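Listing of run17.pdb; format and content: PDB, C-alpha atoms, pLDDT in the B column.
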MODEL        1
ATOM      1  CA  MET A 127      -2.219  39.760   8.292  1.00 94.00           C
ATOM      2  CA  ALA A 128      -4.410  39.047   5.304  1.00 95.00           C
ATOM      3  CA  ARG A 129      -8.105  38.261   5.539  1.00 96.00           C
ATOM      4  CA  ILE A 130     -10.071  35.595   3.718  1.00 96.00           C
ATOM      5  CA  LYS A 131     -13.819  35.232   3.338  1.00 97.00           C
ATOM      6  CA  VAL A 132     -14.297  31.703   4.628  1.00 96.00           C
ATOM      7  CA  ASP A 133     -17.620  30.993   2.862  1.00 95.00           C
ATOM      8  CA  ASP A 134     -16.166  32.003  -0.491  1.00 97.00           C
ATOM      9  CA  ILE A 135     -13.087  29.832   0.010  1.00 97.00           C
ATOM     10  CA  THR A 136     -15.185  26.828   1.094  1.00 97.00           C
ATOM     11  CA  HIS A 137     -17.484  27.263  -1.911  1.00 97.00           C
ATOM     12  CA  HIS A 138     -14.562  27.738  -4.320  1.00 98.00           C
ATOM     13  CA  LEU A 139     -12.873  24.557  -3.047  1.00 98.00           C
ATOM     14  CA  SER A 140     -16.089  22.530  -2.710  1.00 98.00           C
ATOM     15  CA  SER A 141     -15.021  19.831  -5.179  1.00 98.00           C
ATOM     16  CA  GLU A 142     -11.619  19.331  -3.557  1.00 98.00           C
ATOM     17  CA  LEU A 143     -13.034  19.476  -0.024  1.00 98.00           C
ATOM     18  CA  THR A 144     -15.756  16.951  -0.900  1.00 98.00           C
ATOM     19  CA  LYS A 145     -13.064  14.536  -2.117  1.00 98.00           C
ATOM     20  CA  ALA A 146     -11.044  15.122   1.063  1.00 98.00           C
ATOM     21  CA  LEU A 147     -14.122  14.403   3.195  1.00 98.00           C
ATOM     22  CA  ASP A 148     -14.725  11.199   1.197  1.00 98.00           C
ATOM     23  CA  ASP A 149     -11.115  10.120   1.823  1.00 98.00           C
ATOM     24  CA  THR A 150     -11.509  10.889   5.519  1.00 98.00           C
ATOM     25  CA  MET A 151     -14.726   8.894   5.819  1.00 98.00           C
ATOM     26  CA  ALA A 152     -13.177   5.959   3.948  1.00 98.00           C
ATOM     27  CA  GLN A 153     -10.260   5.921   6.410  1.00 98.00           C
ATOM     28  CA  PHE A 154     -12.084   6.540   9.691  1.00 98.00           C
ATOM     29  CA  ALA A 155     -15.591   5.179   9.108  1.00 98.00           C
ATOM     30  CA  PRO A 156     -15.504   2.854   6.085  1.00 98.00           C
ATOM     31  CA  GLN A 157     -18.689   1.087   7.170  1.00 98.00           C
ATOM     32  CA  VAL A 158     -20.784   4.268   7.172  1.00 98.00           C
ATOM     33  CA  ARG A 159     -22.950   5.041   4.152  1.00 97.00           C
ATOM     34  CA  TYR A 160     -23.558   8.696   3.412  1.00 97.00           C
ATOM     35  CA  ASN A 161     -24.343  11.149   0.638  1.00 98.00           C
ATOM     36  CA  SER A 162     -21.223  13.137  -0.339  1.00 97.00           C
ATOM     37  CA  GLY A 163     -23.241  16.257  -1.157  1.00 97.00           C
ATOM     38  CA  GLU A 164     -25.121  16.183   2.146  1.00 98.00           C
ATOM     39  CA  LEU A 165     -21.880  15.610   4.050  1.00 98.00           C
ATOM     40  CA  PHE A 166     -20.257  18.586   2.357  1.00 98.00           C
ATOM     41  CA  ARG A 167     -23.286  20.822   3.021  1.00 97.00           C
ATOM     42  CA  PHE A 168     -23.175  19.843   6.715  1.00 98.00           C
ATOM     43  CA  PHE A 169     -19.412  20.459   6.808  1.00 98.00           C
ATOM     44  CA  SER A 170     -19.819  23.811   5.077  1.00 97.00           C
ATOM     45  CA  SER A 171     -22.505  24.922   7.543  1.00 97.00           C
ATOM     46  CA  ALA A 172     -20.289  23.801  10.444  1.00 97.00           C
ATOM     47  CA  VAL A 173     -17.427  25.886   9.056  1.00 97.00           C
ATOM     48  CA  TYR A 174     -19.825  28.845   8.852  1.00 95.00           C
ATOM     49  CA  ARG A 175     -20.863  28.345  12.506  1.00 97.00           C
ATOM     50  CA  HIS A 176     -17.308  28.001  13.812  1.00 98.00           C
ATOM     51  CA  CYS A 177     -15.563  30.709  11.800  1.00 97.00           C
ATOM     52  CA  ASN A 178     -16.053  34.404  11.392  1.00 97.00           C
ATOM     53  CA  THR A 179     -17.201  35.628   7.991  1.00 96.00           C
ATOM     54  CA  TRP A 180     -13.720  37.092   7.530  1.00 98.00           C
ATOM     55  CA  GLU A 181     -10.780  35.246   9.111  1.00 97.00           C
ATOM     56  CA  ARG A 182      -7.262  36.558   9.419  1.00 97.00           C
ATOM     57  CA  VAL A 183      -4.493  34.368   8.037  1.00 97.00           C
ATOM     58  CA  PRO A 184      -0.744  34.926   7.900  1.00 97.00           C
ATOM     59  CA  ASP A 185       0.352  37.009   4.940  1.00 95.00           C
ATOM     60  CA  ALA A 186       2.680  34.168   3.940  1.00 95.00           C
ATOM     61  CA  SER A 187      -0.425  32.009   3.367  1.00 95.00           C
ATOM     62  CA  VAL A 188      -1.774  34.318   0.652  1.00 94.00           C
ATOM     63  CA  ASP A 189      -0.333  34.904  -2.796  1.00 93.00           C
ATOM     64  CA  VAL A 190      -2.116  37.452  -4.916  1.00 89.00           C
ATOM     65  CA  GLU A 191      -1.435  36.965  -8.605  1.00 87.00           C
TER      66      GLU A 191
ENDMDL
END
Rewrite the structure from the file as structure tokens, please.
Amino acid sequence: MARIKVDDITHHLSSELTKALDDTMAQFAPQVRYNSGELFRFFSSAVYRHCNTWERVPDASVDVE
């Protein structure tokens, strides 16, 4: 199995993940006002708390160019 550094992946995909969080909030809590940046920072810190620094993923999930 391959390993990924979760913090690096989260940081690299921050723009895309922020948009996905915005879509999620619009669907599940449209009445809630929030700051997208603060929401992403909270999400990112939650990922850090719940994942190991390095996580194993199936080799089929990684393509090295």
Leaving out stretch 135-146 of chain A and any residue of its chain fewer than 4 positions from it, which residues lie within 9 Å of it when counting only C-alpha atoms, given as a list in words?
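Returned residues: Ile130, Lys131, Thr150, Met151, Ser162, Gly163, Leu165, Phe166, Ser170 and Val173 of chain A.
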May I ask for the distance between atom CA of A:His176 and atom CA of A:Asp134, given in Å to one decimal place?
14.9 Å
Rank A:Arg182, A:Val132, A:Leu147, A:Val190 by their smallest atom-to-atom distance to A:Arg167, using all atoms listed in the file, and report the top residue only.
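Comparing A:Arg182, A:Val132, A:Leu147, A:Val190 against A:Arg167, the winner is A:Leu147.
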Counting all atoms listed in the file, which residue out of A:Asp189, A:Asp133, A:Val158, A:Met127 sits closest to A:Cys177?
A:Asp133
Figure out the distance between atom CA of A:Arg129 and atom CA of A:Ser171, please, to one decimal in Å.
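Calculated distance between atom CA of A:Ser171 and atom CA of A:Arg129 is 19.7 Å.
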What's the separation between atom CA of A:Val188 and atom CA of A:Asp149, in Å to one decimal place?
26.0 Å
Any chance you could work out the axis-aligned box around stretch 136-142 of chain A, listed atoms only, 5 Å on each side, giving centre and edge lengths in Å to one decimal, as AutoDock Vina command-line options?
--center_x -14.6 --center_y 23.5 --center_z -2.0 --size_x 15.9 --size_y 18.4 --size_z 16.3
Can stretch 132-143 of chain A be brought up to all heavy atoms and written out as a CSV table (one decimal), in the frame of the given file?
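File out-v5.csv, as written:
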chain,number,residue,atom,x,y,z
A,132,VAL,N,-14.3,33.1,4.5
A,132,VAL,CA,-14.3,31.7,4.6
A,132,VAL,C,-15.4,31.0,3.7
A,132,VAL,O,-15.1,30.0,3.1
A,132,VAL,CB,-14.5,31.3,6.1
A,132,VAL,CG1,-14.6,29.8,6.3
A,132,VAL,CG2,-13.3,31.8,6.9
A,133,ASP,N,-16.6,31.6,3.7
A,133,ASP,CA,-17.6,31.0,2.9
A,133,ASP,C,-17.2,30.9,1.4
A,133,ASP,O,-17.4,29.9,0.7
A,133,ASP,CB,-18.9,31.8,2.9
A,133,ASP,CG,-19.7,31.6,4.2
A,133,ASP,OD1,-19.3,30.7,5.0
A,133,ASP,OD2,-20.6,32.4,4.5
A,134,ASP,N,-16.6,32.0,0.9
A,134,ASP,CA,-16.2,32.0,-0.5
A,134,ASP,C,-15.1,31.0,-0.8
A,134,ASP,O,-15.1,30.3,-1.8
A,134,ASP,CB,-15.6,33.4,-0.9
A,134,ASP,CG,-16.7,34.4,-1.0
A,134,ASP,OD1,-17.9,34.1,-0.9
A,134,ASP,OD2,-16.4,35.6,-1.2
A,135,ILE,N,-14.2,30.8,0.2
A,135,ILE,CA,-13.1,29.8,0.0
A,135,ILE,C,-13.7,28.4,0.0
A,135,ILE,O,-13.3,27.6,-0.8
A,135,ILE,CB,-12.0,30.0,1.1
A,135,ILE,CG1,-11.4,31.4,1.1
A,135,ILE,CG2,-11.0,28.9,1.0
A,135,ILE,CD1,-10.6,31.7,-0.2
A,136,THR,N,-14.6,28.1,1.0
A,136,THR,CA,-15.2,26.8,1.1
A,136,THR,C,-16.0,26.5,-0.2
A,136,THR,O,-15.9,25.4,-0.7
A,136,THR,CB,-16.1,26.8,2.3
A,136,THR,OG1,-15.4,27.1,3.5
A,136,THR,CG2,-16.7,25.4,2.5
A,137,HIS,N,-16.7,27.5,-0.7
A,137,HIS,CA,-17.5,27.3,-1.9
A,137,HIS,C,-16.5,27.0,-3.1
A,137,HIS,O,-16.8,26.1,-3.9
A,137,HIS,CB,-18.4,28.5,-2.2
A,137,HIS,CG,-19.2,28.3,-3.4
A,137,HIS,ND1,-20.2,27.5,-3.6
A,137,HIS,CD2,-19.1,29.0,-4.6
A,137,HIS,CE1,-20.7,27.6,-4.8
A,137,HIS,NE2,-20.0,28.5,-5.5
A,138,HIS,N,-15.5,27.8,-3.2
A,138,HIS,CA,-14.6,27.7,-4.3
A,138,HIS,C,-13.9,26.4,-4.3
A,138,HIS,O,-13.6,25.8,-5.4
A,138,HIS,CB,-13.5,28.9,-4.2
A,138,HIS,CG,-12.5,28.8,-5.4
A,138,HIS,ND1,-12.9,29.3,-6.6
A,138,HIS,CD2,-11.3,28.4,-5.4
A,138,HIS,CE1,-11.8,29.1,-7.4
A,138,HIS,NE2,-10.8,28.6,-6.7
A,139,LEU,N,-13.6,25.8,-3.2
A,139,LEU,CA,-12.9,24.6,-3.0
A,139,LEU,C,-13.8,23.4,-2.8
A,139,LEU,O,-13.4,22.3,-2.4
A,139,LEU,CB,-11.8,24.6,-1.9
A,139,LEU,CG,-10.7,25.6,-2.1
A,139,LEU,CD1,-9.8,25.7,-0.9
A,139,LEU,CD2,-9.9,25.2,-3.3
A,140,SER,N,-15.1,23.6,-3.1
A,140,SER,CA,-16.1,22.5,-2.7
A,140,SER,C,-15.8,21.2,-3.3
A,140,SER,O,-15.9,20.1,-2.6
A,140,SER,CB,-17.5,23.0,-3.1
A,140,SER,OG,-17.6,23.2,-4.5
A,141,SER,N,-15.3,21.1,-4.5
A,141,SER,CA,-15.0,19.8,-5.2
A,141,SER,C,-13.9,19.1,-4.5
A,141,SER,O,-13.9,17.9,-4.2
A,141,SER,CB,-14.7,20.1,-6.7
A,141,SER,OG,-14.3,18.8,-7.3
A,142,GLU,N,-12.8,19.9,-4.2
A,142,GLU,CA,-11.6,19.3,-3.6
A,142,GLU,C,-11.9,18.9,-2.1
A,142,GLU,O,-11.5,17.9,-1.6
A,142,GLU,CB,-10.5,20.3,-3.6
A,142,GLU,CG,-9.9,20.6,-5.0
A,142,GLU,CD,-10.7,21.7,-5.7
A,142,GLU,OE1,-11.8,22.1,-5.3
A,142,GLU,OE2,-10.2,22.1,-6.8
A,143,LEU,N,-12.7,19.8,-1.4
A,143,LEU,CA,-13.0,19.5,0.0
A,143,LEU,C,-14.0,18.3,0.1
A,143,LEU,O,-13.8,17.5,1.0
A,143,LEU,CB,-13.7,20.7,0.6
A,143,LEU,CG,-12.7,21.9,0.9
A,143,LEU,CD1,-13.5,23.1,1.4
A,143,LEU,CD2,-11.6,21.5,1.8
